[in-house]
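Text of run05.cif (mmCIF, C-alpha atoms and all ligand atoms) as supplied:
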```cif
data_run
loop_
_atom_site.group_PDB
_atom_site.id
_atom_site.type_symbol
_atom_site.label_atom_id
_atom_site.label_comp_id
_atom_site.auth_asym_id
_atom_site.auth_seq_id
_atom_site.Cartn_x
_atom_site.Cartn_y
_atom_site.Cartn_z
ATOM 1 C CA MET A 24 -95.118 -141.967 -19.118
ATOM 2 C CA SER A 25 -93.761 -138.600 -20.259
ATOM 3 C CA LEU A 26 -95.950 -135.559 -21.002
ATOM 4 C CA ASP A 27 -95.369 -132.822 -23.575
ATOM 5 C CA ALA A 28 -95.818 -129.175 -22.489
ATOM 6 C CA VAL A 29 -99.537 -128.999 -23.373
ATOM 7 C CA GLN A 30 -100.293 -132.336 -21.677
ATOM 8 C CA ALA A 31 -98.388 -131.144 -18.608
ATOM 9 C CA ASN A 32 -100.541 -127.937 -18.711
ATOM 10 C CA ILE A 33 -97.747 -125.438 -18.190
ATOM 11 C CA SER A 34 -98.380 -121.696 -17.867
ATOM 12 C CA LEU A 35 -96.344 -118.500 -17.641
ATOM 13 C CA HIS A 36 -96.114 -117.352 -14.016
ATOM 14 C CA HIS A 37 -93.404 -114.702 -13.686
ATOM 15 C CA LEU A 38 -90.513 -112.974 -15.445
ATOM 16 C CA GLU A 39 -87.178 -111.611 -14.328
ATOM 17 C CA ILE A 40 -86.363 -108.425 -16.236
ATOM 18 C CA LYS A 41 -83.044 -106.581 -16.009
ATOM 19 C CA SER A 42 -82.508 -102.855 -15.783
ATOM 20 C CA SER A 43 -79.603 -100.475 -15.185
ATOM 21 C CA ASP A 44 -81.873 -98.805 -12.590
ATOM 22 C CA PRO A 45 -84.003 -101.606 -11.130
ATOM 23 C CA LYS A 46 -85.457 -99.397 -8.374
ATOM 24 C CA MET A 47 -86.776 -96.838 -10.827
ATOM 25 C CA LEU A 48 -88.210 -99.528 -13.129
ATOM 26 C CA ALA A 49 -89.845 -101.269 -10.154
ATOM 27 C CA GLU A 50 -91.429 -97.943 -9.170
ATOM 28 C CA PHE A 51 -92.805 -97.635 -12.716
ATOM 29 C CA TYR A 52 -94.373 -101.122 -12.540
ATOM 30 C CA SER A 53 -95.738 -100.362 -9.091
ATOM 31 C CA LYS A 54 -97.462 -97.195 -10.264
ATOM 32 C CA VAL A 55 -98.350 -97.864 -13.874
ATOM 33 C CA MET A 56 -98.905 -101.646 -13.741
ATOM 34 C CA ASN A 57 -100.663 -101.329 -10.378
ATOM 35 C CA MET A 58 -98.331 -103.611 -8.407
ATOM 36 C CA ASN A 59 -96.847 -103.701 -4.918
ATOM 37 C CA ILE A 60 -93.052 -103.543 -4.527
ATOM 38 C CA LYS A 61 -91.031 -105.767 -2.237
ATOM 39 C CA ARG A 62 -87.277 -105.253 -2.017
ATOM 40 C CA LEU A 63 -85.661 -108.716 -2.193
ATOM 41 C CA THR A 64 -82.038 -107.545 -2.048
ATOM 42 C CA ASN A 65 -80.327 -104.187 -2.546
ATOM 43 C CA GLN A 66 -80.655 -104.384 -6.334
ATOM 44 C CA LYS A 67 -83.537 -106.826 -6.731
ATOM 45 C CA PHE A 68 -87.237 -106.019 -6.493
ATOM 46 C CA LEU A 69 -90.422 -108.062 -6.728
ATOM 47 C CA CYS A 70 -93.448 -106.305 -8.207
ATOM 48 C CA GLU A 71 -96.740 -108.111 -7.743
ATOM 49 C CA GLY A 72 -100.394 -107.599 -8.524
ATOM 50 C CA PRO A 73 -103.372 -109.885 -9.130
ATOM 51 C CA GLY A 74 -102.001 -112.817 -11.176
ATOM 52 C CA ARG A 75 -98.742 -111.081 -11.997
ATOM 53 C CA LYS A 76 -95.233 -111.136 -10.561
ATOM 54 C CA ILE A 77 -92.212 -109.437 -12.134
ATOM 55 C CA ILE A 78 -88.719 -109.569 -10.646
ATOM 56 C CA ILE A 79 -86.573 -106.597 -11.592
ATOM 57 C CA THR A 80 -82.854 -106.887 -11.070
ATOM 58 C CA THR A 81 -79.719 -105.077 -12.096
ATOM 59 C CA GLY A 82 -78.346 -105.623 -15.594
ATOM 60 C CA LYS A 83 -78.484 -104.350 -19.145
ATOM 61 C CA ASN A 84 -81.722 -102.520 -19.972
ATOM 62 C CA LYS A 85 -84.363 -104.460 -21.914
ATOM 63 C CA THR A 86 -82.846 -107.871 -21.241
ATOM 64 C CA LEU A 87 -84.493 -110.897 -19.740
ATOM 65 C CA GLY A 88 -83.180 -112.694 -16.654
ATOM 66 C CA TYR A 89 -85.438 -115.689 -17.070
ATOM 67 C CA VAL A 90 -88.949 -116.842 -17.918
ATOM 68 C CA GLY A 91 -90.748 -118.550 -15.007
ATOM 69 C CA MET A 92 -93.120 -121.290 -16.174
ATOM 70 C CA VAL A 93 -95.176 -123.379 -13.748
ATOM 71 C CA CYS A 94 -96.653 -126.865 -13.671
ATOM 72 C CA LYS A 95 -99.726 -127.417 -11.492
ATOM 73 C CA ASN A 96 -98.237 -130.395 -9.619
ATOM 74 C CA GLU A 97 -95.025 -132.338 -9.060
ATOM 75 C CA GLU A 98 -96.137 -135.376 -11.031
ATOM 76 C CA ASN A 99 -96.690 -133.315 -14.194
ATOM 77 C CA LEU A 100 -93.325 -131.598 -13.702
ATOM 78 C CA GLU A 101 -91.538 -134.968 -13.344
ATOM 79 C CA ARG A 102 -93.281 -136.413 -16.404
ATOM 80 C CA TYR A 103 -92.488 -133.257 -18.425
ATOM 81 C CA LYS A 104 -88.846 -133.529 -17.336
ATOM 82 C CA GLU A 105 -88.842 -137.081 -18.712
ATOM 83 C CA PHE A 106 -90.122 -135.697 -22.044
ATOM 84 C CA LEU A 107 -87.254 -133.160 -22.125
ATOM 85 C CA LYS A 108 -84.670 -135.827 -21.267
ATOM 86 C CA THR A 109 -85.965 -138.071 -24.068
ATOM 87 C CA ASN A 110 -85.426 -135.094 -26.385
ATOM 88 C CA LYS A 111 -81.877 -134.692 -25.060
ATOM 89 C CA CYS A 112 -82.460 -131.199 -23.625
ATOM 90 C CA GLU A 113 -79.695 -129.923 -21.399
ATOM 91 C CA ILE A 114 -81.371 -129.378 -18.031
ATOM 92 C CA ASN A 115 -79.877 -127.646 -14.992
ATOM 93 C CA GLY A 116 -81.246 -127.337 -11.461
ATOM 94 C CA PHE A 117 -82.769 -123.948 -10.632
ATOM 95 C CA VAL A 118 -83.608 -122.325 -7.317
ATOM 96 C CA SER A 119 -85.966 -119.347 -6.994
ATOM 97 C CA GLU A 120 -88.157 -117.472 -4.529
ATOM 98 C CA PHE A 121 -91.265 -119.112 -5.954
ATOM 99 C CA TYR A 122 -90.518 -122.742 -6.790
ATOM 100 C CA GLN A 123 -90.505 -125.862 -4.632
ATOM 101 C CA SER A 124 -87.367 -128.028 -4.862
ATOM 102 C CA GLY A 125 -87.110 -129.945 -8.139
ATOM 103 C CA SER A 126 -87.385 -126.892 -10.436
ATOM 104 C CA PHE A 127 -85.037 -126.727 -13.409
ATOM 105 C CA ALA A 128 -83.914 -124.454 -16.235
ATOM 106 C CA LEU A 129 -82.743 -124.725 -19.811
ATOM 107 C CA GLN A 130 -81.607 -122.360 -22.543
ATOM 108 C CA ASP A 131 -83.269 -121.851 -25.928
ATOM 109 C CA PRO A 132 -81.142 -121.400 -29.085
ATOM 110 C CA ASP A 133 -80.915 -117.627 -28.423
ATOM 111 C CA LYS A 134 -79.685 -118.312 -24.855
ATOM 112 C CA ASN A 135 -82.950 -117.219 -23.203
ATOM 113 C CA MET A 136 -83.333 -119.002 -19.878
ATOM 114 C CA ILE A 137 -86.637 -120.857 -19.515
ATOM 115 C CA CYS A 138 -87.411 -122.232 -16.032
ATOM 116 C CA PHE A 139 -89.987 -124.803 -14.991
ATOM 117 C CA GLY A 140 -91.217 -125.609 -11.500
ATOM 118 C CA VAL A 141 -94.102 -126.123 -9.112
ATOM 119 C CA LEU A 142 -95.017 -123.202 -6.871
ATOM 120 C CA LYS A 143 -94.392 -123.275 -3.145
ATOM 121 C CA LYS A 144 -97.646 -123.598 -1.225
ATOM 122 C CA GLU A 145 -97.428 -120.093 0.264
ATOM 123 C CA ASN A 146 -97.069 -118.532 -3.175
ATOM 124 C CA ASN A 147 -100.433 -116.832 -3.547
ATOM 125 C CA PHE A 148 -101.042 -113.841 -5.757
ATOM 126 C CA LEU A 149 -102.239 -110.568 -4.333
ATOM 127 C CA THR A 150 -105.919 -109.957 -4.979
ATOM 128 C CA LYS A 151 -105.928 -106.171 -4.634
ATOM 129 C CA GLY A 152 -105.425 -104.139 -7.824
ATOM 130 C CA ILE A 153 -106.648 -103.993 -11.414
ATOM 131 C CA TYR A 154 -107.123 -107.466 -12.871
ATOM 132 C CA ALA A 155 -104.712 -108.780 -15.540
ATOM 133 C CA PRO A 156 -102.579 -111.871 -14.933
ATOM 134 C CA LEU A 157 -99.243 -112.201 -16.724
ATOM 135 C CA GLN A 158 -100.036 -114.483 -19.670
ATOM 136 C CA HIS A 159 -97.445 -114.559 -22.468
ATOM 137 C CA LEU A 160 -93.959 -113.530 -23.417
ATOM 138 C CA THR A 161 -92.883 -112.818 -26.979
ATOM 139 C CA PHE A 162 -89.244 -113.005 -27.981
ATOM 140 C CA ALA A 163 -87.499 -111.163 -30.785
ATOM 141 C CA SER A 164 -85.111 -113.370 -32.757
ATOM 142 C CA LYS A 165 -82.966 -113.340 -35.870
ATOM 143 C CA ASP A 166 -84.109 -116.917 -36.512
ATOM 144 C CA VAL A 167 -87.775 -117.781 -35.925
ATOM 145 C CA GLU A 168 -87.390 -121.190 -37.661
ATOM 146 C CA LYS A 169 -84.884 -122.184 -34.966
ATOM 147 C CA PHE A 170 -87.295 -120.970 -32.259
ATOM 148 C CA GLN A 171 -90.118 -123.034 -33.786
ATOM 149 C CA ASN A 172 -88.017 -126.187 -34.002
ATOM 150 C CA PHE A 173 -86.809 -125.866 -30.459
ATOM 151 C CA PHE A 174 -90.132 -125.050 -28.788
ATOM 152 C CA GLN A 175 -92.148 -127.529 -30.850
ATOM 153 C CA LYS A 176 -89.780 -130.482 -31.170
ATOM 154 C CA LYS A 177 -87.567 -130.231 -28.079
ATOM 155 C CA LEU A 178 -89.878 -128.571 -25.524
ATOM 156 C CA GLY A 179 -93.163 -130.055 -26.774
ATOM 157 C CA PHE A 180 -95.045 -126.765 -27.129
ATOM 158 C CA GLN A 181 -97.884 -126.730 -29.678
ATOM 159 C CA VAL A 182 -97.567 -124.370 -32.667
ATOM 160 C CA THR A 183 -100.938 -122.610 -32.950
ATOM 161 C CA ASP A 184 -100.309 -120.034 -35.711
ATOM 162 C CA ARG A 185 -97.522 -118.685 -37.879
ATOM 163 C CA VAL A 186 -97.052 -115.456 -39.830
ATOM 164 C CA VAL A 187 -95.196 -116.150 -43.061
ATOM 165 C CA LYS A 188 -93.388 -113.653 -45.313
ATOM 166 C CA SER A 189 -93.960 -113.719 -49.078
ATOM 167 C CA THR A 190 -90.498 -115.333 -49.333
ATOM 168 C CA GLY A 191 -91.712 -118.259 -47.206
ATOM 169 C CA GLU A 192 -89.586 -117.194 -44.225
ATOM 170 C CA LEU A 193 -91.246 -117.192 -40.813
ATOM 171 C CA ALA A 194 -92.036 -113.705 -39.468
ATOM 172 C CA THR A 195 -93.778 -114.903 -36.282
ATOM 173 C CA CYS A 196 -94.457 -118.201 -34.569
ATOM 174 C CA PHE A 197 -97.023 -118.638 -31.774
ATOM 175 C CA THR A 198 -96.630 -121.608 -29.447
ATOM 176 C CA THR A 199 -98.567 -122.729 -26.410
ATOM 177 C CA SER A 200 -98.069 -124.984 -23.413
ATOM 178 C CA ASN A 201 -101.764 -125.165 -22.441
ATOM 179 C CA HIS A 202 -105.195 -124.167 -23.840
ATOM 180 C CA GLU A 203 -104.276 -120.470 -24.354
ATOM 181 C CA HIS A 204 -103.487 -119.429 -27.940
ATOM 182 C CA HIS A 205 -99.876 -118.683 -27.048
ATOM 183 C CA THR A 206 -97.797 -118.674 -23.886
ATOM 184 C CA ILE A 207 -94.465 -118.055 -25.675
ATOM 185 C CA ALA A 208 -94.170 -116.572 -29.166
ATOM 186 C CA CYS A 209 -91.391 -115.168 -31.317
ATOM 187 C CA PHE A 210 -91.111 -112.320 -33.829
ATOM 188 C CA LYS A 211 -88.404 -112.115 -36.491
ATOM 189 C CA SER A 212 -86.086 -109.201 -35.715
ATOM 190 C CA SER A 213 -82.640 -107.853 -36.524
ATOM 191 C CA GLN A 214 -81.639 -108.645 -32.931
ATOM 192 C CA ASN A 215 -82.373 -111.268 -30.292
ATOM 193 C CA GLY A 216 -84.193 -110.304 -27.111
ATOM 194 C CA MET A 217 -87.700 -109.574 -25.864
ATOM 195 C CA ASP A 218 -90.432 -108.225 -28.132
ATOM 196 C CA HIS A 219 -93.070 -107.751 -25.418
ATOM 197 C CA HIS A 220 -94.774 -109.322 -22.432
ATOM 198 C CA SER A 221 -98.525 -109.465 -22.043
ATOM 199 C CA TYR A 222 -101.189 -109.410 -19.341
ATOM 200 C CA GLU A 223 -104.592 -110.942 -20.055
ATOM 201 C CA ALA A 224 -107.333 -108.661 -18.725
ATOM 202 C CA GLY A 225 -110.051 -111.014 -20.009
ATOM 203 C CA GLU A 226 -112.678 -108.486 -21.054
ATOM 204 C CA TRP A 227 -112.871 -105.345 -23.149
ATOM 205 C CA ASN A 228 -114.152 -103.355 -20.177
ATOM 206 C CA ASN A 229 -110.979 -104.158 -18.224
ATOM 207 C CA ILE A 230 -108.904 -102.705 -21.078
ATOM 208 C CA LYS A 231 -110.899 -99.480 -20.664
ATOM 209 C CA ILE A 232 -110.106 -99.497 -16.912
ATOM 210 C CA TRP A 233 -106.394 -100.010 -17.708
ATOM 211 C CA CYS A 234 -106.376 -97.198 -20.293
ATOM 212 C CA ASP A 235 -107.982 -94.790 -17.798
ATOM 213 C CA HIS A 236 -105.356 -95.874 -15.240
ATOM 214 C CA PHE A 237 -102.549 -95.240 -17.765
ATOM 215 C CA ALA A 238 -104.014 -91.800 -18.540
ATOM 216 C CA LYS A 239 -104.054 -90.924 -14.816
ATOM 217 C CA ASN A 240 -100.348 -91.790 -14.760
ATOM 218 C CA ASN A 241 -99.638 -89.793 -17.952
ATOM 219 C CA VAL A 242 -98.660 -92.897 -19.914
ATOM 220 C CA LYS A 243 -99.775 -92.804 -23.552
ATOM 221 C CA LEU A 244 -100.756 -95.875 -25.533
ATOM 222 C CA MET A 245 -98.038 -96.649 -28.106
ATOM 223 C CA TRP A 246 -100.308 -98.993 -30.140
ATOM 224 C CA GLY A 247 -103.974 -99.875 -30.191
ATOM 225 C CA PRO A 248 -106.674 -100.408 -29.261
ATOM 226 C CA GLY A 249 -106.777 -103.100 -31.919
ATOM 227 C CA ARG A 250 -107.433 -106.783 -32.490
ATOM 228 C CA HIS A 251 -104.711 -109.215 -33.555
ATOM 229 C CA GLY A 252 -105.443 -111.769 -36.306
ATOM 230 C CA PRO A 253 -103.623 -114.746 -34.707
ATOM 231 C CA GLY A 254 -105.113 -115.247 -31.232
ATOM 232 C CA ASN A 255 -108.011 -112.875 -32.096
ATOM 233 C CA ASN A 256 -107.205 -110.868 -28.959
ATOM 234 C CA LEU A 257 -107.997 -107.243 -28.275
ATOM 235 C CA PHE A 258 -104.914 -105.256 -27.332
ATOM 236 C CA VAL A 259 -103.303 -102.025 -26.237
ATOM 237 C CA PHE A 260 -99.561 -101.511 -25.854
ATOM 238 C CA ILE A 261 -97.539 -99.164 -23.659
ATOM 239 C CA GLU A 262 -93.791 -98.829 -23.157
ATOM 240 C CA ASP A 263 -92.057 -98.867 -19.767
ATOM 241 C CA ILE A 264 -89.293 -96.362 -18.929
ATOM 242 C CA ASP A 265 -86.607 -98.767 -20.240
ATOM 243 C CA GLY A 266 -88.445 -99.231 -23.546
ATOM 244 C CA ASN A 267 -89.857 -102.709 -22.809
ATOM 245 C CA TRP A 268 -93.190 -103.183 -24.599
ATOM 246 C CA ILE A 269 -96.138 -104.146 -22.393
ATOM 247 C CA GLU A 270 -99.409 -105.480 -23.800
ATOM 248 C CA ILE A 271 -102.802 -105.537 -22.097
ATOM 249 C CA SER A 272 -104.897 -108.147 -23.893
ATOM 250 C CA ALA A 273 -108.448 -109.503 -23.725
ATOM 251 C CA GLU A 274 -110.462 -112.261 -25.375
ATOM 252 C CA LEU A 275 -107.379 -114.320 -26.310
ATOM 253 C CA GLU A 276 -108.446 -117.413 -28.261
ATOM 254 C CA THR A 277 -108.669 -120.758 -26.501
ATOM 255 C CA VAL A 278 -107.047 -123.502 -28.574
ATOM 256 C CA ILE A 279 -107.602 -127.187 -28.026
ATOM 257 C CA GLY A 280 -105.984 -129.408 -30.634
ATOM 258 C CA ARG A 281 -106.722 -127.352 -33.768
ATOM 259 C CA PRO A 282 -104.100 -127.469 -36.545
ATOM 260 C CA PRO A 283 -101.838 -124.402 -36.940
ATOM 261 C CA LYS A 284 -102.827 -121.752 -39.452
ATOM 262 C CA ASN A 285 -100.420 -119.736 -41.611
ATOM 263 C CA TRP A 286 -101.178 -116.014 -41.889
ATOM 264 C CA PRO A 287 -99.690 -113.657 -44.521
ATOM 265 C CA GLN A 288 -97.320 -111.009 -43.189
ATOM 266 C CA GLU A 289 -99.496 -107.940 -43.748
ATOM 267 C CA GLU A 290 -100.910 -105.090 -41.678
ATOM 268 C CA LYS A 291 -104.299 -106.757 -41.175
ATOM 269 C CA THR A 292 -102.739 -109.884 -39.654
ATOM 270 C CA LEU A 293 -101.155 -107.820 -36.893
ATOM 271 C CA ASN A 294 -104.147 -105.542 -36.445
ATOM 272 C CA LEU A 295 -107.563 -106.310 -37.932
ATOM 273 C CA TRP A 296 -108.750 -102.807 -36.949
ATOM 274 C CA GLY A 297 -106.020 -100.455 -38.108
ATOM 275 C CA LYS A 298 -102.321 -99.713 -38.169
ATOM 276 C CA ALA A 299 -99.744 -102.397 -37.473
ATOM 277 C CA ILE A 300 -96.250 -102.282 -36.040
ATOM 278 C CA MET A 301 -94.429 -104.486 -38.548
ATOM 279 C CA ARG A 302 -91.323 -105.895 -36.844
ATOM 280 C CA SER A 303 -89.400 -107.007 -39.950
HETATM 281 FE FE FE B 401 -98.788 -110.353 -27.414
#
```

Show how you would write the structure in this file as structure tokens.
Ligand SMILES: [Fe+2]
Amino acid sequence: MSLDAVQANISLHHLEIKSSDPKMLAEFYSKVMNMNIKRLTNQKFLCEGPGRKIIITTGKNKTLGYVGMVCKNEENLERYKEFLKTNKCEINGFVSEFYQSGSFALQDPDKNMICFGVLKKENNFLTKGIYAPLQHLTFASKDVEKFQNFFQKKLGFQVTDRVVKSTGELATCFTTSNHEHHTIACFKSSQNGMDHHSYEAGEWNNIKIWCDHFAKNNVKLMWGPGRHGPGNNLFVFIEDIDGNWIEISAELETVIGRPPKNWPQEEKTLNLWGKAIMRS
């Protein structure tokens, strides 16, 4: 029997991000995001810390190579693949440093590559470093309705919350593939791409540790501290040297089978505590 994404219990594991200077960006992540660097090829670097792995490779700044999602075991992956085939998703084989054989990839309507696989046995995370596993990715898109349809109906993600403009148009859609409030979300924007990626530090005190670490590295917060309405998570945001937005989050809501809620597009929805960065 097939499984949808939530039943298959899929989570975000790693990202491939492109940069015109991948070495310099990898050095930023190493220092500021407290990660080790491993050179995979001349122009490809793996940055890793506790619960987080980012591949940085050569390409246009602020573009995504792919999103690396993982299933806990091969049976779930196979049954999820059946679900995608029933929904007539176009699936292609995919090989990476992290996945066992049998991993695959597909493209969303904005041509973002989403990959699914089971980790190789030797693929453990480092334990040394400040805690904050990679947890969600948020796209920017000209068409959030299309994102919602694709992730909900084709990929079997659960819509947990939406932000709706006064015109009725979707400003944001939050979807999940497990018990976390969102694993992939999408903000309405004038262009397609990435909005931000987020690391879940778990507790408020860990956000303090991160902020002190950023200060030591002369990196200013660009937004926060605050608390989002949807997801109810505490947050701070910084920007990397290419202009990618990075979120450190804590207390993200756990969602098990509750119906989605619509939120008005207003400052308080984006930040219950203060100023918002309104995307559109
Ligand atoms: Fe976020």

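Of the listed residues A:Pro73, A:Gly280, A:Gly152, A:Gly252, the one whose atoms come nearest to ligand FE 401 (chain B) is A:Gly252, with distances taken using only C-alpha atoms and all ligand atoms.
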
May I have the residues within 9 Å of stretch 272-274 of chain A as a ChimeraX atom specification, using all atoms listed in the file and disregarding those fewer than 2 positions away in the same chain?
/A:155,221-227,229-230,254-260,270,276-277

Residue IDs satisfying the PyMOL selection byres (((chain A and resi 100-108) around 12) and not hetatm), as a PyMOL selection string
chain A and resi 24-34+92-99+109-116+122-129+138-142+173-180+200

Measure the distance from atom CA of A:Glu262 to atom CA of A:Val90 in Å and round it to one decimal.
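Atom CA of A:Val90 lies 19.4 Å from atom CA of A:Glu262.
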
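Here atom CA of A:Val278 and atom CA of A:Thr183 stand 7.6 Å from one another.
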
I need the residue set behind the PyMOL selection byres (((chain A and resi 49-60) around 7) and not hetatm) for this file; please write it as a PyMOL selection string.
chain A and resi 45-48+61-62+68-72+79+152-153+237+240
